[in-house]
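Working notes, beginning with the structure itself.
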Amino acid sequence: MSRINEKFEELKRKNEGALIGYLTLGDPDIETSKKLIRCLLENVDLLEIGIPFSDPIADGPTIQAAIDRALKAGVNTDIAFEAVAELRNGGVEEPLVFMTYYNIILQYGEERFIKRCSKVGVDGIIVCDLPIEEAEGILQQCEKYGVDFIFLIAPTTTEERIKKIVSRAKGFIYLVSVLGVTGARGELQERTVEVTKWASQYVDIPLAVGFGISKKEHVQRVLEAGAQGAVVGSAFVDIIARKGKDACEELKKLSAELKEGTKKIKVPTSRVQKASVMENGS
Amino acid sequence: MVRYPDRRGRFGPYGGRYIPEVLMPAVVELAREYAEAKKDKKFQDKLKYYLKEYAGRPTPLTYCENLSREVGVKIYLKREDLAHTGAHKINNTLGQALLAKRMGKKRIIAETGAGQHGVATATAAAAVGLECEIYMGTEDMERQKMNVFRMRLLGAEVTPVKSGSRTLKDAINEALRDWLTNVETTHYLLGSVLGPHPYPMMIRDFQRVIGKEAKKQILKKEGRLPNFIVACVGGGSNAIGIFYDFLKYKEVKLVGVEAGGEGITTGKHAARFASNKNGRKGVLHGTLTYVLQDKYGQILPTHSVSAGLDYPAVGPEHSWLREIGRTEYHYATDAEALGAFHILSEKEGIIPALESAHAVAWVLKNKNKFNKEDIILINLSGRGDKDVEAVAKREGVL
């Protein structure tokens with residue numbers, strides 16, 4: 001069982017949802033971001049670590065700026081692996097996943113990348129621009145080395161696609177809950193709640209909802225709509241943009257507050273019901 | 001001959017669909033709609049009508065008497081500069097605008113580098129009756145002020161892009177972000193044979209008209225096929241457009257000319273195939289192709305005197321045709337292109353776009369390699385009016 005599965009199981013026993021954080025490795029510089037990862041891990045259950053790519057088409061201005069800072073700081077794929085190895089050697093136990101774009105993996109070599117994920121303790125990968133049709137090679141490597149390939153689904157994903165994706169998904173499924181790019185939004189869109197309810201009918205592994213989630217109330221609402229996790233990225237990155245090296249305290253404060261939103265959730269549909277929908281539907 | 005791409009949008013190993021999940025249903029839908037439109041006689045007739053009555057096709061094939069004497073071969077120009085809006089771009093924008101309309105979309109968006117595709121998109125949007133927004137890097141807006149004004153005259157909104165290198169690549173990033181947000185109402189009218197399937201195939205099909213006409217015209221004038229066809233290659237839509245109907249004639253050499261910028265060794269260029277160090281297979285903007293990048297896959301900044309060639313990737317079909325040895329790619333530097341810009345203007349009274357001047361420059365610099373019976377067909381993909389001011393400034397005249 002992967003660290004990701006164990007974490008979701010553990011949270012389920014505690015009747016909690018997962019708070020999933022994101023930051024870009026190397027923002028504002030490599031040493032600081034390693035420290036900030038530890039700050040976030042005090043409250044987040046799982047962390048997505050972004051390996052920067054020069055042309056991040058799925059990211060909004062906040063994360064684009066973080067990626068620019070990280071590239072200026074000289075981050076590259078080898079440094080990202082070394083950073084995770086160092087965190088694991090330092091006793092970090094929480095699940096960690098890499099989030100990046102496909103060209104970064106392609107240039108490193110698919111097998112070399114996944115093998116090294118497995119070796120240093122990266123539990124899963126999220127590739128923003130690799131739909132299932134193009135993912136076969138990497139899925140095989142992930143299966144071989146026991147790394148979870150975390151699929152993204154979107155409000156535009158058709159029922160047919162969602163079923164295909166669910167059949168290959170590991171770890172959790174990341175629901176991009178709004179059309180558009182990453183970025184904190186003041187109000188949670190009504191569509192986010194609807195889409196979460198819709199997607200949770202099909203997904204039989206943990207469902208995490210991201211894009212536009214920045215407040216405790218947002219976290220509560222997506223969990224109540226049937227998700228098992230909420231992903232917060234730009235709100236954390238925004239703190240790093242403002243505070244740089246001094247971001248730790250504020251990151252802890254926001255993540256603690258958001259984590260509160262994952263507790264004592266009234267989950268509407270039980271796992272059993274969901275499973276039966278799956279059977280009827282397929 | 002096997003027809004490419006395959007069902008998954010692959011030209012051999014190149015092409016494909018490397019895009020966020022949000023966009024997948026949209027490109028699947030686009031491929032389906034395009035396949036239908038392709039077979040629909042009404043759609044094809046409408047497109048033919050617009051190309052003839054609106055864009056002014058067929059464009060002439062002009063024999064260059066003076067330049068031919070200078071080089072010592074027969075040189076013909078395919079005059080895409082005489083198409084409406086001054087470049088081949090209109091062939092594609094009319095096709096996609098009519099398709100967007102057929103799909104019931106209300107709005108089109110596009111990126112632009114030199115401004116030619118932006119102008120052609122704004123024009124097609126006005127003609128067909130669609131809302132239009134154009135993304136353009138601020139660096140390019142500075143280089144091409146008149147085209148910015150032109151697009152606004154045509155009723156389009158021009159949105160400055162300040163991220164990254166502030167050129168074509170970043171304009172595409174921003175247009176893709178818009179499409180991610182507005183995919184349900186908006187068609188992304190991509191300007192070159194790039195992006196996820198079906199774009200490289202569809203845009204090639206819309207540009208094939210260049211080669212179809214050229215083949216008929218050269219056969220009529222010379223009674224035989226040319227020895228060389230030469231075209232500049234940024235994304236590569238004018239090149240694939242003129243190459244395509246000649247692919248099956250192995251005796252016709254097909255030459256693509258990339259932007260050599262300040263020279264390959266300086267690193268300031270956009271020659272994906274010429275740079276052994278940084279030009280490798282990679283993924284950018286939804287397609288697997290040759291991309292200028294560093295060891296870790298970060299896309300490198302490019303340079304060219306012509307904004308239209310200033311792009312780090314090339315259409316996937318070009319990568320494939322090169323791999324199977326059907327086409328070859330060379331480059332011309334900024335200085336060589338500027339030289340050709342002057343020569344064609346002085347000798348023939350035709351001011352070429354700086355992009356197209358790269359193709360002319362390659363012919364000029366290789367004049368000793370041709371036989372005197374050779375017929376060379378250059379795709380003059382656009383006219384140079386847009387570049388006059390920038391060249392004048394560069395030469396200290398303005």
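Labeling convention for the structure tokens: chains A, B, ... as they appear, residues from 1 per chain, ligands from 1 in order of appearance.
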task = Fewer than 4 positions away in the same chain doesn't count, so skip those; otherwise give me all residues within 12 Å of Leu194 of chain B, counting only C-alpha atoms, as an MDAnalysis selection string.
result = chainID B and resid 9 14:18 169 172 189:190 198:204 233:237 240 283:291 311:319
Can I get the residues of chain A within 10 Å of chain B, each with the closest pair of atoms and their distance in Å to one decimal, using only C-alpha atoms, sorted chain first then ascending number, as a tab-separated table?
```
residue	atom	partner	partner_atom	distance
A:Pro52	CA	B:Gln298	CA	8.6
A:Phe53	CA	B:Gln298	CA	6.0
A:Ser54	CA	B:Gln298	CA	5.4
A:Asp55	CA	B:Asn173	CA	6.9
A:Pro56	CA	B:Asn173	CA	7.5
A:Ile57	CA	B:Asn173	CA	5.3
A:Ala58	CA	B:Arg177	CA	6.5
A:Asp59	CA	B:Arg177	CA	7.8
A:Gly60	CA	B:Arg177	CA	7.9
A:Pro61	CA	B:Ser163	CA	8.8
A:Gln64	CA	B:Ser163	CA	8.4
A:Ala65	CA	B:Ser163	CA	8.9
A:Asp68	CA	B:Gly164	CA	8.3
A:Leu71	CA	B:Gln298	CA	9.0
A:Val75	CA	B:Tyr296	CA	9.9
A:Asn76	CA	B:Tyr296	CA	6.6
A:Thr77	CA	B:Tyr296	CA	6.7
A:Asp78	CA	B:Tyr296	CA	8.8
A:Tyr101	CA	B:Val283	CA	9.2
A:Tyr102	CA	B:Val283	CA	7.1
A:Asn103	CA	B:Val283	CA	5.2
A:Ile104	CA	B:Gly297	CA	5.1
A:Ile105	CA	B:Gly297	CA	8.2
A:Leu106	CA	B:Gly282	CA	7.1
A:Gln107	CA	B:Gly297	CA	5.5
A:Tyr108	CA	B:Tyr296	CA	6.5
A:Val127	CA	B:Pro20	CA	8.7
A:Cys128	CA	B:Pro20	CA	5.6
A:Asp129	CA	B:Ile19	CA	4.3
A:Leu130	CA	B:Tyr18	CA	5.3
A:Pro131	CA	B:Glu21	CA	5.7
A:Ile132	CA	B:Glu21	CA	8.6
A:Glu133	CA	B:Arg17	CA	7.9
A:Glu134	CA	B:Arg17	CA	7.0
A:Ala135	CA	B:Tyr18	CA	9.4
A:Phe151	CA	B:Glu21	CA	8.9
A:Leu152	CA	B:Glu21	CA	6.5
A:Ile153	CA	B:Glu21	CA	6.1
A:Ala154	CA	B:Val22	CA	5.2
A:Pro155	CA	B:Val22	CA	7.1
A:Thr156	CA	B:Val22	CA	5.7
A:Thr157	CA	B:Pro25	CA	6.5
A:Thr158	CA	B:Pro25	CA	7.3
A:Arg161	CA	B:Pro25	CA	8.9
A:Val176	CA	B:Val22	CA	8.0
A:Ser177	CA	B:Val22	CA	9.9
A:Val178	CA	B:Thr181	CA	8.1
A:Leu179	CA	B:Thr181	CA	4.7
A:Gly180	CA	B:Thr181	CA	3.8
A:Val181	CA	B:Arg177	CA	6.4
A:Thr182	CA	B:Arg177	CA	9.8
```
Segment 166-175 of chain A: which residues within 7 Å, counting only C-alpha atoms, same-chain residues fewer than 2 positions away excluded, as a compact mmCIF listing (two decimals) with N, CA, C and O atoms, in the first residue's frame?
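Just written: selection.txt:
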```
# COMPACT_ATOMS: atom_id res chain seq x y z
N ILE A 4 0.37 7.24 -0.04
CA ILE A 4 -0.83 8.03 -0.33
C ILE A 4 -2.07 7.27 0.15
O ILE A 4 -2.92 7.82 0.86
N ASN A 5 -2.17 5.99 -0.19
CA ASN A 5 -3.32 5.18 0.26
C ASN A 5 -3.40 5.14 1.78
O ASN A 5 -4.48 5.31 2.35
N ASP A 148 2.51 6.21 -7.85
CA ASP A 148 1.12 6.47 -8.25
C ASP A 148 1.07 7.54 -9.34
O ASP A 148 1.61 8.63 -9.17
N PHE A 149 0.40 7.21 -10.45
CA PHE A 149 0.16 8.22 -11.48
C PHE A 149 -1.20 8.84 -11.18
O PHE A 149 -2.23 8.17 -11.24
N ILE A 150 -1.16 10.11 -10.80
CA ILE A 150 -2.39 10.79 -10.37
C ILE A 150 -3.01 11.53 -11.54
O ILE A 150 -2.41 12.45 -12.10
N PHE A 151 -4.19 11.08 -11.91
CA PHE A 151 -4.87 11.68 -13.07
C PHE A 151 -5.62 12.93 -12.67
O PHE A 151 -6.13 13.06 -11.55
N LEU A 152 -5.71 13.82 -13.65
CA LEU A 152 -6.56 15.00 -13.50
C LEU A 152 -7.85 14.76 -14.25
O LEU A 152 -7.85 14.14 -15.31
N ILE A 153 -8.96 15.21 -13.67
CA ILE A 153 -10.20 15.25 -14.43
C ILE A 153 -10.74 16.67 -14.33
O ILE A 153 -10.32 17.44 -13.46
N ALA A 154 -11.64 17.03 -15.22
CA ALA A 154 -12.11 18.42 -15.30
C ALA A 154 -13.61 18.45 -15.51
O ALA A 154 -14.21 17.42 -15.83
N ILE A 162 -14.10 9.67 -18.00
CA ILE A 162 -13.92 9.53 -16.56
C ILE A 162 -13.81 8.04 -16.20
O ILE A 162 -12.96 7.65 -15.40
N LYS A 163 -14.61 7.22 -16.85
CA LYS A 163 -14.58 5.78 -16.55
C LYS A 163 -13.25 5.17 -16.97
O LYS A 163 -12.67 4.34 -16.26
N LYS A 164 -12.77 5.60 -18.13
CA LYS A 164 -11.48 5.13 -18.62
C LYS A 164 -10.36 5.53 -17.65
O LYS A 164 -9.48 4.75 -17.32
N SER A 177 -11.61 21.78 -10.61
CA SER A 177 -13.04 22.00 -10.43
C SER A 177 -13.61 23.14 -11.22
O SER A 177 -14.81 23.32 -11.28
N VAL A 203 -15.90 8.14 -9.09
CA VAL A 203 -14.54 7.91 -8.62
C VAL A 203 -14.55 7.01 -7.40
O VAL A 203 -15.19 7.32 -6.40
N ILE A 205 -11.72 5.88 -5.88
CA ILE A 205 -10.56 6.10 -5.02
C ILE A 205 -10.70 7.52 -4.51
O ILE A 205 -11.60 8.24 -4.94
N PRO A 206 -9.86 7.97 -3.58
CA PRO A 206 -10.05 9.32 -3.06
C PRO A 206 -10.08 10.38 -4.17
O PRO A 206 -9.34 10.30 -5.15
N LEU A 207 -10.96 11.35 -3.99
CA LEU A 207 -11.11 12.45 -4.94
C LEU A 207 -10.65 13.72 -4.24
O LEU A 207 -11.14 14.06 -3.16
N ALA A 208 -9.71 14.41 -4.87
CA ALA A 208 -9.24 15.68 -4.30
C ALA A 208 -9.61 16.79 -5.26
O ALA A 208 -9.48 16.64 -6.47
N VAL A 209 -10.08 17.89 -4.71
CA VAL A 209 -10.57 18.98 -5.55
C VAL A 209 -9.63 20.17 -5.45
O VAL A 209 -9.26 20.58 -4.33
N GLY A 210 -9.26 20.72 -6.58
CA GLY A 210 -8.35 21.85 -6.58
C GLY A 210 -8.76 22.92 -7.55
O GLY A 210 -9.75 22.77 -8.27
```
query = For Leu225 of chain B, which of B:Tyr249, B:Tyr76, B:Tyr244, B:Phe273 is the closest residue, counting only C-alpha atoms?
reply =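 Using only C-alpha atoms, the shortest distance to Leu225 of chain B belongs to B:Tyr249.
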Determine, counting only C-alpha atoms, which protein, DNA and RNA residues have an atom within 12 Å of an atom of His269 of chain B; residues of the same chain fewer than 4 positions away are not included. Present the result as a tab-separated table (two decimals) with all heavy atoms, in the first residue's frame.
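Output file around.tsv is given in full below:
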```tsv
chain	number	residue	atom	x	y	z
B	234	GLY	N	8.84	28.80	-39.71
B	234	GLY	CA	8.74	29.17	-38.30
B	234	GLY	C	8.04	27.98	-37.66
B	234	GLY	O	8.64	26.98	-37.33
B	258	GLU	N	15.11	27.94	-41.84
B	258	GLU	CA	14.85	28.43	-40.49
B	258	GLU	C	15.57	29.75	-40.24
B	258	GLU	O	16.43	30.15	-41.02
B	258	GLU	CB	15.35	27.40	-39.47
B	258	GLU	CG	14.65	26.05	-39.55
B	258	GLU	CD	15.12	25.13	-38.43
B	258	GLU	OE1	16.25	24.61	-38.51
B	258	GLU	OE2	14.36	24.95	-37.48
B	259	ALA	N	15.23	30.35	-39.10
B	259	ALA	CA	15.84	31.63	-38.75
B	259	ALA	C	17.17	31.38	-38.04
B	259	ALA	O	17.21	30.89	-36.92
B	259	ALA	CB	14.90	32.42	-37.86
B	260	GLY	N	18.27	31.77	-38.72
B	260	GLY	CA	19.60	31.60	-38.12
B	260	GLY	C	19.98	32.75	-37.19
B	260	GLY	O	21.04	32.70	-36.56
B	261	GLY	N	19.14	33.75	-37.10
B	261	GLY	CA	19.37	34.87	-36.17
B	261	GLY	C	20.75	35.47	-36.32
B	261	GLY	O	21.18	35.77	-37.43
B	262	GLU	N	21.45	35.58	-35.20
B	262	GLU	CA	22.80	36.15	-35.24
B	262	GLU	C	23.86	35.08	-35.47
B	262	GLU	O	25.06	35.33	-35.34
B	262	GLU	CB	23.06	36.93	-33.94
B	262	GLU	CG	22.16	38.16	-33.85
B	262	GLU	CD	22.27	38.91	-32.54
B	262	GLU	OE1	23.19	38.64	-31.76
B	262	GLU	OE2	21.40	39.76	-32.32
B	263	GLY	N	23.41	33.89	-35.81
B	263	GLY	CA	24.35	32.78	-36.04
B	263	GLY	C	24.11	31.68	-35.03
B	263	GLY	O	23.77	31.95	-33.87
B	264	ILE	N	24.27	30.42	-35.46
B	264	ILE	CA	23.93	29.28	-34.59
B	264	ILE	C	24.83	29.25	-33.35
B	264	ILE	O	24.37	28.99	-32.24
B	264	ILE	CB	24.05	27.95	-35.37
B	264	ILE	CG1	23.17	27.98	-36.64
B	264	ILE	CG2	23.67	26.76	-34.50
B	264	ILE	CD1	21.72	28.30	-36.41
B	265	THR	N	26.12	29.57	-33.52
B	265	THR	CA	27.05	29.47	-32.38
B	265	THR	C	26.77	30.52	-31.31
B	265	THR	O	27.14	30.35	-30.16
B	265	THR	CB	28.51	29.62	-32.85
B	265	THR	OG1	28.59	30.79	-33.67
B	265	THR	CG2	28.95	28.39	-33.64
B	273	PHE	N	16.42	22.73	-36.12
B	273	PHE	CA	17.10	21.58	-36.72
B	273	PHE	C	18.61	21.81	-36.86
B	273	PHE	O	19.36	20.86	-36.98
B	273	PHE	CB	16.51	21.29	-38.11
B	273	PHE	CG	15.09	20.81	-38.08
B	273	PHE	CD1	14.13	21.39	-38.90
B	273	PHE	CD2	14.70	19.78	-37.23
B	273	PHE	CE1	12.81	20.94	-38.90
B	273	PHE	CE2	13.37	19.33	-37.22
B	273	PHE	CZ	12.43	19.92	-38.06
B	274	ALA	N	19.01	23.07	-36.87
B	274	ALA	CA	20.43	23.34	-37.11
B	274	ALA	C	21.26	23.21	-35.85
B	274	ALA	O	22.47	23.03	-35.90
B	274	ALA	CB	20.59	24.74	-37.70
B	275	SER	N	20.62	23.31	-34.70
B	275	SER	CA	21.36	23.29	-33.45
B	275	SER	C	21.41	21.89	-32.86
B	275	SER	O	20.45	21.41	-32.27
B	275	SER	CB	20.69	24.25	-32.45
B	275	SER	OG	21.27	24.07	-31.18
B	278	ASN	N	20.99	22.09	-28.79
B	278	ASN	CA	19.74	22.39	-28.09
B	278	ASN	C	18.46	22.00	-28.81
B	278	ASN	O	17.38	22.06	-28.23
B	278	ASN	CB	19.69	23.88	-27.75
B	278	ASN	CG	20.78	24.27	-26.77
B	278	ASN	OD1	21.05	23.54	-25.82
B	278	ASN	ND2	21.45	25.38	-27.03
B	279	GLY	N	18.56	21.64	-30.10
B	279	GLY	CA	17.36	21.25	-30.82
B	279	GLY	C	17.14	19.75	-30.68
B	279	GLY	O	17.89	18.96	-31.22
B	292	LEU	N	13.74	23.81	-29.21
B	292	LEU	CA	14.97	24.35	-28.64
B	292	LEU	C	14.82	24.38	-27.13
B	292	LEU	O	13.94	25.06	-26.59
B	292	LEU	CB	15.25	25.75	-29.18
B	292	LEU	CG	15.78	25.82	-30.62
B	292	LEU	CD1	15.79	27.26	-31.12
B	292	LEU	CD2	17.17	25.20	-30.73
B	300	LEU	N	14.13	27.23	-24.47
B	300	LEU	CA	15.10	28.32	-24.55
B	300	LEU	C	14.53	29.53	-25.28
B	300	LEU	O	13.69	29.39	-26.17
B	300	LEU	CB	16.35	27.84	-25.30
B	300	LEU	CG	17.19	26.81	-24.54
B	300	LEU	CD1	18.27	26.25	-25.46
B	300	LEU	CD2	17.83	27.44	-23.30
B	301	PRO	N	15.01	30.72	-24.89
B	301	PRO	CA	14.60	31.91	-25.65
B	301	PRO	C	15.17	31.85	-27.07
B	301	PRO	O	16.24	31.28	-27.29
B	301	PRO	CB	15.21	33.08	-24.87
B	301	PRO	CG	16.09	32.50	-23.83
B	301	PRO	CD	15.92	31.03	-23.79
B	302	THR	N	14.43	32.40	-28.01
B	302	THR	CA	14.88	32.39	-29.39
B	302	THR	C	15.08	33.82	-29.87
B	302	THR	O	14.63	34.76	-29.22
B	302	THR	CB	13.82	31.72	-30.29
B	302	THR	OG1	12.57	32.34	-30.06
B	302	THR	CG2	13.73	30.24	-30.01
B	303	HIS	N	15.75	33.93	-30.99
B	303	HIS	CA	15.90	35.26	-31.59
B	303	HIS	C	15.80	35.18	-33.09
B	303	HIS	O	16.36	34.28	-33.72
B	303	HIS	CB	17.26	35.88	-31.23
B	303	HIS	CG	17.58	37.04	-32.14
B	303	HIS	ND1	17.10	38.30	-31.91
B	303	HIS	CD2	18.26	37.10	-33.31
B	303	HIS	CE1	17.48	39.09	-32.90
B	303	HIS	NE2	18.19	38.39	-33.75
B	304	SER	N	15.08	36.12	-33.68
B	304	SER	CA	15.12	36.31	-35.12
B	304	SER	C	14.72	37.75	-35.41
B	304	SER	O	13.91	38.33	-34.68
B	304	SER	CB	14.17	35.37	-35.84
B	304	SER	OG	14.09	35.74	-37.21
B	305	VAL	N	15.28	38.29	-36.49
B	305	VAL	CA	14.88	39.62	-36.93
B	305	VAL	C	13.40	39.61	-37.34
B	305	VAL	O	12.73	40.62	-37.29
B	305	VAL	CB	15.79	40.11	-38.08
B	305	VAL	CG1	15.57	39.27	-39.35
B	305	VAL	CG2	15.59	41.58	-38.37
B	306	SER	N	12.89	38.43	-37.71
B	306	SER	CA	11.49	38.35	-38.10
B	306	SER	C	10.68	37.68	-37.00
B	306	SER	O	10.94	36.55	-36.62
B	306	SER	CB	11.36	37.54	-39.39
B	306	SER	OG	11.63	36.19	-39.14
B	307	ALA	N	9.69	38.42	-36.51
B	307	ALA	CA	8.88	37.92	-35.39
B	307	ALA	C	8.18	36.61	-35.75
B	307	ALA	O	7.98	35.76	-34.91
B	307	ALA	CB	7.86	38.97	-34.98
B	309	LEU	N	9.21	34.07	-37.32
B	309	LEU	CA	10.04	32.84	-37.23
B	309	LEU	C	10.61	32.65	-35.84
B	309	LEU	O	11.33	31.68	-35.57
B	309	LEU	CB	11.19	32.91	-38.25
B	309	LEU	CG	10.83	33.11	-39.72
B	309	LEU	CD1	12.08	33.08	-40.58
B	309	LEU	CD2	9.84	32.05	-40.20
B	310	ASP	N	10.28	33.57	-34.95
B	310	ASP	CA	10.90	33.62	-33.63
B	310	ASP	C	10.17	32.69	-32.66
B	310	ASP	O	9.44	33.13	-31.78
B	310	ASP	CB	10.82	35.09	-33.15
B	310	ASP	CG	11.84	35.39	-32.08
B	310	ASP	OD1	12.48	34.46	-31.59
B	310	ASP	OD2	11.99	36.59	-31.73
B	311	TYR	N	10.33	31.39	-32.84
B	311	TYR	CA	9.55	30.41	-32.08
B	311	TYR	C	10.39	29.16	-31.87
B	311	TYR	O	11.07	28.70	-32.80
B	311	TYR	CB	8.26	30.10	-32.85
B	311	TYR	CG	7.34	29.12	-32.15
B	311	TYR	CD1	6.64	29.50	-31.01
B	311	TYR	CD2	7.20	27.82	-32.63
B	311	TYR	CE1	5.81	28.60	-30.36
B	311	TYR	CE2	6.36	26.92	-31.98
B	311	TYR	CZ	5.67	27.31	-30.85
B	311	TYR	OH	4.84	26.42	-30.21
B	312	PRO	N	10.36	28.57	-30.65
B	312	PRO	CA	11.29	27.48	-30.34
B	312	PRO	C	10.91	26.09	-30.84
B	312	PRO	O	11.71	25.17	-30.73
B	312	PRO	CB	11.34	27.50	-28.80
B	312	PRO	CG	10.05	28.13	-28.40
B	312	PRO	CD	9.68	29.09	-29.47
B	313	ALA	N	9.71	25.92	-31.38
B	313	ALA	CA	9.33	24.58	-31.88
B	313	ALA	C	8.93	24.68	-33.34
B	313	ALA	O	8.71	25.76	-33.87
B	313	ALA	CB	8.18	24.01	-31.06
B	331	TYR	N	19.32	27.15	-42.81
B	331	TYR	CA	18.93	28.42	-42.19
B	331	TYR	C	19.55	29.59	-42.91
B	331	TYR	O	20.51	29.45	-43.68
B	331	TYR	CB	19.32	28.44	-40.71
B	331	TYR	CG	20.81	28.37	-40.46
B	331	TYR	CD1	21.57	29.54	-40.41
B	331	TYR	CD2	21.45	27.16	-40.28
B	331	TYR	CE1	22.94	29.48	-40.20
B	331	TYR	CE2	22.82	27.09	-40.06
B	331	TYR	CZ	23.55	28.25	-40.02
B	331	TYR	OH	24.91	28.20	-39.83
B	332	ALA	N	18.98	30.76	-42.68
B	332	ALA	CA	19.57	32.02	-43.13
B	332	ALA	C	19.63	32.93	-41.91
B	332	ALA	O	18.72	32.92	-41.08
B	332	ALA	CB	18.71	32.65	-44.22
B	333	THR	N	20.72	33.68	-41.79
B	333	THR	CA	20.87	34.57	-40.63
B	333	THR	C	20.06	35.85	-40.84
B	333	THR	O	19.59	36.14	-41.94
B	333	THR	CB	22.34	34.96	-40.43
B	333	THR	OG1	22.77	35.69	-41.60
B	333	THR	CG2	23.22	33.72	-40.25
B	334	ASP	N	19.97	36.64	-39.77
B	334	ASP	CA	19.32	37.95	-39.86
B	334	ASP	C	19.93	38.76	-40.99
B	334	ASP	O	19.22	39.35	-41.81
B	334	ASP	CB	19.52	38.74	-38.55
B	334	ASP	CG	18.67	38.22	-37.40
B	334	ASP	OD1	17.81	37.34	-37.63
B	334	ASP	OD2	18.87	38.71	-36.27
```
inquiry  = Just list as an MDAnalysis selection string whatever in segment 59-272 of chain A DSSP marks as strand (DSSP E or B).
reply    = chainID A and resid 96:100 124:127 148:149 152:153 173:176 207:210 229:232 263
inquiry  = List as a list of chain:residue names the protein and nucleic acid residues near Lys34 of chain A, meaning an atom at most 9 Å away when only C-alpha atoms are counted, but skip any in the same chain fewer than 5 places from it.
reply    = A:Leu25, A:Gly26, A:Asp29, A:Cys39, A:Ala83, A:Val84, A:Glu86, A:Leu87
message = I'd like the neighbourhood of Val122 of chain A as number ranges by chain, where a residue qualifies if any of its atoms comes within 7 Å (using only C-alpha atoms), though same-chain residues fewer than 4 positions away should be ignored.
response = A: 96-98, 117-118
For the residues selected in the previous step, produce a file with C-alpha atoms as a compact mmCIF listing (two decimals), in the first residue's frame.
```
# COMPACT_ATOMS: atom_id res chain seq x y z
CA LEU A 96 4.97 13.70 -1.42
CA VAL A 97 4.12 13.97 -5.09
CA PHE A 98 5.82 15.78 -7.93
CA CYS A 117 10.92 8.87 -7.79
CA SER A 118 10.60 5.40 -6.34
```
key: Filtered DSSP result for segment 76-202 of chain A, state alpha helix (DSSP H), as a ChimeraX atom specification   = /A:77-89,102-108,110-120,136-145,159-168,190-200
Can you spit out the residues from that selection as a compact mmCIF listing (two decimals), in the first residue's frame, using C-alpha atoms?
```txt
# COMPACT_ATOMS: atom_id res chain seq x y z
CA THR A 77 15.11 17.95 -12.04
CA ASP A 78 18.21 16.54 -10.32
CA ILE A 79 17.98 19.16 -7.58
CA ALA A 80 14.31 18.28 -7.09
CA PHE A 81 15.18 14.61 -6.51
CA GLU A 82 18.01 15.53 -4.16
CA ALA A 83 15.66 17.77 -2.18
CA VAL A 84 13.17 14.95 -1.65
CA ALA A 85 15.93 12.52 -0.72
CA GLU A 86 17.12 15.01 1.88
CA LEU A 87 13.60 15.47 3.29
CA ARG A 88 13.11 11.70 3.56
CA ASN A 89 16.52 11.26 5.22
CA TYR A 102 5.55 16.35 -19.53
CA ASN A 103 8.62 17.78 -21.24
CA ILE A 104 10.48 17.77 -17.94
CA ILE A 105 9.93 14.02 -17.60
CA LEU A 106 10.54 13.29 -21.27
CA GLN A 107 13.94 15.00 -21.22
CA TYR A 108 14.98 13.23 -18.03
CA GLU A 110 10.48 8.39 -18.45
CA GLU A 111 11.96 5.31 -16.82
CA ARG A 112 14.87 7.16 -15.23
CA PHE A 113 12.46 9.73 -13.77
CA ILE A 114 9.98 7.23 -12.34
CA LYS A 115 12.71 4.92 -11.05
CA ARG A 116 14.32 7.78 -9.21
CA CYS A 117 10.92 8.87 -7.79
CA SER A 118 10.60 5.40 -6.34
CA LYS A 119 14.15 5.44 -5.01
CA VAL A 120 14.06 8.79 -3.22
CA GLU A 136 0.62 4.61 -21.62
CA GLY A 137 4.41 4.53 -21.50
CA ILE A 138 4.64 6.38 -18.24
CA LEU A 139 1.79 4.37 -16.69
CA GLN A 140 3.78 1.20 -17.32
CA GLN A 141 6.84 2.68 -15.64
CA CYS A 142 4.73 3.83 -12.70
CA GLU A 143 3.31 0.33 -12.27
CA LYS A 144 6.75 -1.20 -12.54
CA TYR A 145 8.28 1.02 -9.87
CA GLU A 159 -18.55 10.21 -18.57
CA GLU A 160 -16.80 7.88 -21.01
CA ARG A 161 -13.41 9.46 -20.31
CA ILE A 162 -13.92 9.53 -16.56
CA LYS A 163 -14.58 5.78 -16.55
CA LYS A 164 -11.48 5.13 -18.62
CA ILE A 165 -9.41 7.31 -16.30
CA VAL A 166 -10.79 5.78 -13.09
CA SER A 167 -9.88 2.32 -14.36
CA ARG A 168 -6.19 3.28 -14.45
CA GLU A 190 -21.11 27.15 -7.42
CA ARG A 191 -19.99 24.93 -10.25
CA THR A 192 -17.16 23.58 -8.08
CA VAL A 193 -19.69 22.05 -5.69
CA GLU A 194 -21.81 20.65 -8.51
CA VAL A 195 -18.83 19.21 -10.34
CA THR A 196 -17.53 17.63 -7.13
CA LYS A 197 -20.87 15.92 -6.54
CA TRP A 198 -20.95 14.76 -10.15
CA ALA A 199 -17.40 13.41 -10.17
CA SER A 200 -17.71 11.63 -6.84
```
Just want the 9 Å neighbourhood of Ala122 of chain B, counted on only C-alpha atoms, with same-chain residues fewer than 5 positions away dropped. Output as a short mmCIF file (atom, residue, chain, number, x, y, z; two decimals) with C-alpha atoms, in the first residue's frame.
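Contents of the output file around_29.cif:
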```
data_model
loop_
_atom_site.label_atom_id
_atom_site.label_comp_id
_atom_site.auth_asym_id
_atom_site.auth_seq_id
_atom_site.Cartn_x
_atom_site.Cartn_y
_atom_site.Cartn_z
CA THR B 93 -7.98 31.82 -40.78
CA ALA B 110 -5.59 33.64 -31.50
CA HIS B 117 -1.82 35.84 -38.16
CA ALA B 127 -15.91 38.72 -42.52
CA LEU B 130 -17.33 36.37 -34.81
CA GLU B 131 -15.96 38.12 -31.73
CA CYS B 132 -12.19 38.15 -31.76
CA GLU B 133 -9.42 38.52 -29.21
CA ILE B 134 -5.73 38.40 -30.13
CA ARG B 150 -4.69 47.16 -37.91
CA MET B 151 -6.14 44.44 -35.70
CA ARG B 152 -7.93 47.05 -33.61
CA LEU B 154 -10.67 45.32 -37.75
CA GLY B 155 -12.61 45.21 -34.51
CA ALA B 156 -10.43 42.78 -32.58
CA GLU B 157 -9.32 43.19 -29.02
#
```
